>>> print(open('start_14.txt').read())   # compact mmCIF, C-alpha atoms and all ligand atoms
# COMPACT_ATOMS: atom_id res chain seq x y z
CA MET A 27 -41.28 -19.10 -6.71
CA ASN A 28 -42.00 -18.20 -3.11
CA HIS A 29 -42.09 -14.67 -1.83
CA SER A 30 -39.25 -14.89 0.73
CA HIS A 31 -36.82 -16.04 -1.94
CA ASN A 32 -37.62 -12.93 -3.99
CA CYS A 33 -37.04 -10.75 -0.99
CA ARG A 34 -33.65 -12.25 -0.23
CA ALA A 35 -32.45 -11.91 -3.80
CA THR A 36 -33.40 -8.23 -3.86
CA THR A 37 -31.59 -7.55 -0.59
CA SER A 38 -28.45 -9.21 -1.85
CA GLY A 39 -28.66 -7.10 -5.03
CA ILE A 40 -28.88 -3.91 -2.99
CA SER A 41 -25.94 -4.97 -0.79
CA LEU A 42 -23.75 -5.65 -3.81
CA ALA A 43 -24.68 -2.34 -5.41
CA LEU A 44 -23.82 -0.43 -2.24
CA LEU A 45 -20.61 -2.40 -1.82
CA ALA A 46 -19.59 -1.57 -5.39
CA MET A 47 -20.36 2.11 -4.78
CA ALA A 48 -18.32 2.11 -1.59
CA VAL A 49 -15.33 0.52 -3.33
CA SER A 50 -15.46 2.51 -6.56
CA SER A 51 -15.75 5.83 -4.75
CA SER A 52 -12.78 5.09 -2.50
CA ALA A 53 -9.84 5.59 -4.83
CA GLN A 54 -8.22 8.11 -2.50
CA ILE A 55 -4.71 6.95 -3.37
CA SER A 56 -3.55 7.62 -6.94
CA ASN A 57 -0.95 5.53 -8.76
CA GLY A 58 -0.74 3.15 -5.78
CA SER A 59 0.91 0.55 -7.99
CA PHE A 60 3.42 3.04 -9.49
CA GLU A 61 2.44 1.96 -13.00
CA SER A 62 1.89 5.39 -14.53
CA GLY A 63 4.19 8.35 -15.04
CA VAL A 64 7.91 8.56 -15.66
CA ALA A 65 9.99 7.52 -12.68
CA TYR A 66 13.34 8.83 -13.90
CA PRO A 67 12.98 11.61 -16.50
CA ASN A 68 16.75 11.62 -17.09
CA GLY A 69 17.34 7.88 -16.77
CA PRO A 70 17.86 5.71 -13.67
CA ASN A 71 20.03 7.41 -11.07
CA ILE A 72 20.52 6.16 -7.56
CA PHE A 73 20.93 9.71 -6.29
CA VAL A 74 17.55 10.80 -7.66
CA SER A 75 14.13 9.81 -6.33
CA GLY A 76 12.30 7.31 -8.56
CA THR A 77 8.83 8.22 -7.30
CA PRO A 78 6.35 8.70 -10.19
CA SER A 79 3.73 11.45 -9.71
CA PRO A 80 1.78 12.14 -7.57
CA TRP A 81 4.25 10.42 -5.24
CA TYR A 82 7.24 12.43 -4.11
CA ALA A 83 10.17 11.65 -1.86
CA THR A 84 10.15 13.16 1.62
CA SER A 85 13.43 11.63 2.78
CA PHE A 86 16.36 10.59 0.61
CA THR A 87 15.67 8.84 -2.71
CA PRO A 88 13.31 5.84 -2.96
CA ASP A 89 13.99 3.69 -6.03
CA CYS A 90 11.66 2.57 -8.80
CA TYR A 91 12.01 -0.97 -10.14
CA ASP A 92 10.58 -1.97 -13.48
CA ASN A 93 10.20 -5.54 -14.72
CA THR A 94 10.51 -4.34 -18.28
CA GLY A 95 13.58 -2.24 -17.62
CA VAL A 96 12.22 0.67 -19.68
CA ASP A 97 12.38 3.00 -16.71
CA GLY A 98 13.77 2.66 -13.22
CA TRP A 99 16.15 -0.04 -12.12
CA GLY A 100 15.90 -2.87 -14.60
CA LEU A 101 15.67 -6.19 -12.83
CA ALA A 102 18.83 -7.27 -14.54
CA GLY A 103 20.39 -5.05 -11.90
CA ILE A 104 22.74 -2.12 -12.02
CA PRO A 105 26.25 -3.06 -10.86
CA ALA A 106 26.67 0.04 -8.71
CA TYR A 107 23.52 -0.87 -6.84
CA ASP A 108 24.62 -4.44 -6.23
CA ASN A 109 21.58 -6.06 -7.82
CA MET A 110 19.11 -5.17 -5.09
CA PHE A 111 15.86 -7.10 -5.59
CA LYS A 112 17.47 -8.97 -8.47
CA GLY A 113 14.89 -11.17 -10.21
CA MET A 114 12.00 -9.71 -8.20
CA VAL A 115 8.81 -9.34 -10.22
CA ALA A 116 6.35 -6.61 -9.22
CA ALA A 117 3.41 -7.78 -7.11
CA ASP A 118 1.04 -5.82 -9.33
CA GLY A 119 1.76 -4.67 -12.89
CA HIS A 120 5.43 -4.20 -13.75
CA ARG A 121 6.73 -1.60 -11.30
CA PHE A 122 7.32 -1.36 -7.56
CA LEU A 123 9.15 1.01 -5.24
CA GLY A 124 12.15 0.11 -3.10
CA PHE A 125 13.33 2.07 -0.08
CA GLY A 126 15.67 1.51 2.83
CA ALA A 127 16.44 2.40 6.42
CA GLY A 128 19.56 2.23 8.54
CA SER A 129 20.84 3.73 11.76
CA THR A 130 21.16 7.21 10.25
CA PHE A 131 18.48 7.36 7.58
CA SER A 132 14.92 6.37 6.73
CA GLU A 133 13.80 6.79 3.16
CA ALA A 134 10.21 7.92 2.71
CA PHE A 135 7.67 8.95 0.09
CA LYS A 136 4.30 10.61 0.15
CA GLN A 137 1.30 11.87 -1.82
CA VAL A 138 -1.59 14.26 -1.24
CA MET A 139 -4.59 12.01 -1.73
CA GLY A 140 -8.32 12.42 -2.30
CA PRO A 141 -10.68 13.55 0.46
CA LEU A 142 -11.67 11.23 3.29
CA THR A 143 -14.79 11.32 5.44
CA ALA A 144 -13.72 12.42 8.91
CA GLY A 145 -14.63 9.85 11.56
CA ASN A 146 -14.82 6.97 9.09
CA THR A 147 -12.42 4.05 9.33
CA TYR A 148 -10.21 3.19 6.35
CA VAL A 149 -7.81 0.35 5.64
CA ILE A 150 -4.52 0.89 3.82
CA SER A 151 -3.09 -2.28 2.35
CA ALA A 152 -0.03 -3.06 0.25
CA SER A 153 2.29 -5.83 -0.82
CA LEU A 154 5.57 -5.74 1.10
CA ALA A 155 8.83 -7.51 0.30
CA VAL A 156 12.36 -7.33 1.70
CA ASP A 157 15.80 -7.92 0.22
CA ASP A 158 17.76 -9.01 3.28
CA LEU A 159 20.62 -10.74 1.45
CA GLY A 160 23.19 -8.26 2.74
CA LYS A 161 23.84 -6.27 -0.43
CA ALA A 162 24.52 -2.58 -1.26
CA LEU A 163 27.27 -1.99 1.30
CA ALA A 164 28.10 1.33 -0.36
CA TYR A 165 24.51 2.54 -0.21
CA GLY A 166 23.53 2.22 3.43
CA GLY A 167 23.93 -1.55 3.60
CA PRO A 168 24.67 -4.29 4.02
CA TYR A 169 20.91 -4.74 4.13
CA LYS A 170 20.38 -7.79 6.31
CA GLY A 171 17.30 -6.74 8.25
CA ARG A 172 13.63 -7.32 7.76
CA GLY A 173 12.31 -3.87 8.43
CA GLN A 174 8.87 -2.43 8.85
CA VAL A 175 7.07 0.46 7.20
CA ASP A 176 5.56 3.30 9.17
CA VAL A 177 2.29 4.59 7.71
CA LEU A 178 1.46 8.25 8.27
CA ILE A 179 -1.79 10.11 7.63
CA ASN A 180 -1.38 13.88 7.63
CA GLY A 181 2.03 13.41 9.22
CA VAL A 182 0.79 11.26 12.09
CA SER A 183 1.72 7.56 12.36
CA VAL A 184 -1.34 5.30 12.22
CA GLY A 185 0.59 2.02 12.41
CA GLN A 186 3.27 -0.09 10.79
CA PHE A 187 3.37 -2.75 8.12
CA ALA A 188 4.95 -5.63 10.03
CA PRO A 189 8.27 -7.12 8.85
CA ASN A 190 8.30 -9.82 6.19
CA THR A 191 8.54 -13.43 7.29
CA ALA A 192 10.55 -14.50 4.20
CA SER A 193 13.13 -13.00 1.82
CA LEU A 194 12.16 -11.63 -1.58
CA THR A 195 8.51 -12.60 -1.16
CA TRP A 196 5.49 -10.34 -1.49
CA GLU A 197 3.32 -10.45 1.61
CA THR A 198 0.13 -8.46 2.18
CA ARG A 199 0.15 -5.93 5.00
CA SER A 200 -2.49 -3.48 6.21
CA VAL A 201 -3.27 -0.91 8.87
CA SER A 202 -6.56 0.79 9.64
CA PHE A 203 -7.20 4.28 10.92
CA VAL A 204 -10.00 6.72 11.65
CA ALA A 205 -9.88 9.74 9.34
CA PRO A 206 -9.19 12.96 11.21
CA THR A 207 -11.02 16.18 10.46
CA ALA A 208 -8.90 18.05 7.93
CA SER A 209 -9.16 20.15 4.79
CA SER A 210 -6.78 17.85 2.89
CA TYR A 211 -5.19 14.46 3.39
CA SER A 212 -1.77 12.96 2.76
CA VAL A 213 -0.40 9.45 3.10
CA GLU A 214 3.30 8.77 3.65
CA PHE A 215 5.38 5.61 3.96
CA VAL A 216 8.60 5.62 5.97
CA ALA A 217 11.10 2.76 5.87
CA LEU A 218 12.19 1.56 9.33
CA SER A 219 15.04 -0.80 10.14
CA ASP A 220 14.56 -4.28 11.59
CA PRO A 221 12.69 -3.84 14.90
CA LEU A 222 14.49 -6.83 16.47
CA THR A 223 18.08 -6.65 15.19
CA HIS A 224 18.09 -2.96 14.17
CA ALA A 225 19.91 -4.08 11.02
CA PRO A 226 19.60 -1.86 7.93
CA SER A 227 16.60 -2.96 5.90
CA TYR A 228 15.57 -2.50 2.29
CA MET A 229 11.92 -3.05 1.42
CA GLY A 230 9.73 -3.06 -1.66
CA LEU A 231 6.15 -1.78 -1.71
CA ASP A 232 3.53 -2.30 -4.41
CA GLY A 233 -0.24 -2.28 -4.92
CA ILE A 234 -1.02 0.32 -2.28
CA LYS A 235 -4.77 0.60 -1.79
CA MET A 236 -7.14 2.37 0.56
CA VAL A 237 -10.70 1.20 1.16
CA PRO A 238 -13.36 1.85 3.80
CA GLU A 239 -13.11 -0.58 6.72
CA PRO A 240 -14.86 -3.85 5.74
CA VAL A 241 -16.57 -3.99 9.14
CA SER A 242 -18.65 -0.95 8.27
CA MET A 243 -19.79 -2.68 5.08
CA ILE A 244 -20.66 -5.81 7.05
CA SER A 245 -22.72 -3.63 9.39
CA LEU A 246 -24.44 -2.24 6.32
CA GLY A 247 -25.22 -5.76 5.15
CA VAL A 248 -26.60 -6.70 8.58
CA GLY A 249 -28.78 -3.60 8.50
CA LEU A 250 -30.19 -4.48 5.09
CA THR A 251 -30.81 -8.07 6.14
CA ALA A 252 -32.69 -6.83 9.21
CA LEU A 253 -34.69 -4.53 6.98
CA ALA A 254 -35.49 -7.40 4.61
CA MET A 255 -36.58 -9.64 7.50
CA LYS A 256 -38.79 -6.89 8.81
CA ARG A 257 -40.38 -6.50 5.37
CA ARG A 258 -40.81 -10.24 5.08
CA ARG A 259 -42.59 -10.34 8.42
CA VAL A 260 -44.88 -7.49 7.39
CA ARG A 261 -45.68 -9.03 4.01
CA GLY A 262 -45.75 -12.64 5.19
CA CA B 1 3.08 -2.05 -9.47
>>> encode(input="start_14.txt", output="structure tokens", more="lines below")
Ligand SMILES: [Ca+2]
Amino acid sequence: MNHSHNCRATTSGISLALLAMAVSSSAQISNGSFESGVAYPNGPNIFVSGTPSPWYATSFTPDCYDNTGVDGWGLAGIPAYDNMFKGMVAADGHRFLGFGAGSTFSEAFKQVMGPLTAGNTYVISASLAVDDLGKALAYGGPYKGRGQVDVLINGVSVGQFAPNTASLTWETRSVSFVAPTASSYSVEFVALSDPLTHAPSYMGLDGIKMVPEPVSMISLGVGLTALAMKRRRVRG
């Protein structure tokens, strides 16, 4: 076995260990997939927020959907709610959140999350879907738009999840931001109507995650590779 091969293998081991540390220590968002906690303590109710802790509604009443139907809006549909997201399976686990926006309202939900490192860049990603089949006339609809989702950190917008390109289909969306200096941090998602048609829009969100910007980890890898090459030159 030659010496340079050994060196490379060690470097790669260090990179993976650091990468794992960076990812495992970055669970700033809790319950990002809405899988834990009771969504509706007194049973599904369209006039009550279905946001399981530590999420809470900041505008109107976002709705929890549950593939199993044990809590939240069973996917068999509730007649009064016109079968919104009928047949939709969660992108991750068995629950997702639905929320809508029209000309006079924008539903929103929020949580106080774990600490961030000020000045570092983070990426928030999620699965986004839209039910644009024109249902729920009595509840802010008909929802025919493909809306977007405003992402706020400490009450300040850091970008939007762009509208879906297909109906009832989970698509991955992300925005990145530089963490401000603050004593605590919150993340909030606000439903926005269709940016083109302004039609009321009803979206689903699931699998919300926050991780350090991959670029910084690539830089780390480049740094370690440079270090390894330097060592190799010295030893070789
Ligand atoms: Ca989920």
>>> residues_near_ligand(input="start_14.txt", ligand="ligand CA 1 (chain B)", cutoff="10 Å", atoms="only C-alpha atoms and all ligand atoms", output="VMD selection string")
chain A and resid 57 to 62 90 to 93 115 to 123 153 231 to 234
>>> closest_residue(input="start_14.txt", among="A:Leu154, A:Ala188, A:Val149, A:Leu178", to="Leu222 in chain A", atoms="only C-alpha atoms")
A:Ala188
>>> closest_residue(input="start_14.txt", among="A:Tyr165, A:Tyr211, A:Trp99, A:Phe131", to="Gly181 in chain A", atoms="all atoms listed in the file")
A:Tyr211
>>> closest_residue(input="start_14.txt", among="A:Val156, A:Ala164, A:Leu218, A:Val237", to="Val201 in chain A", atoms="all atoms listed in the file")
A:Val237
>>> closest_residue(input="start_14.txt", among="A:Ser132, A:Trp81, A:Ala155, A:Pro238", to="Ala192 in chain A", atoms="all atoms listed in the file")
A:Ala155
>>> atom_distance(input="start_14.txt", atom1="CA of Ser129 in chain A", atom2="CA of Gly230 in chain A")
18.7 Å
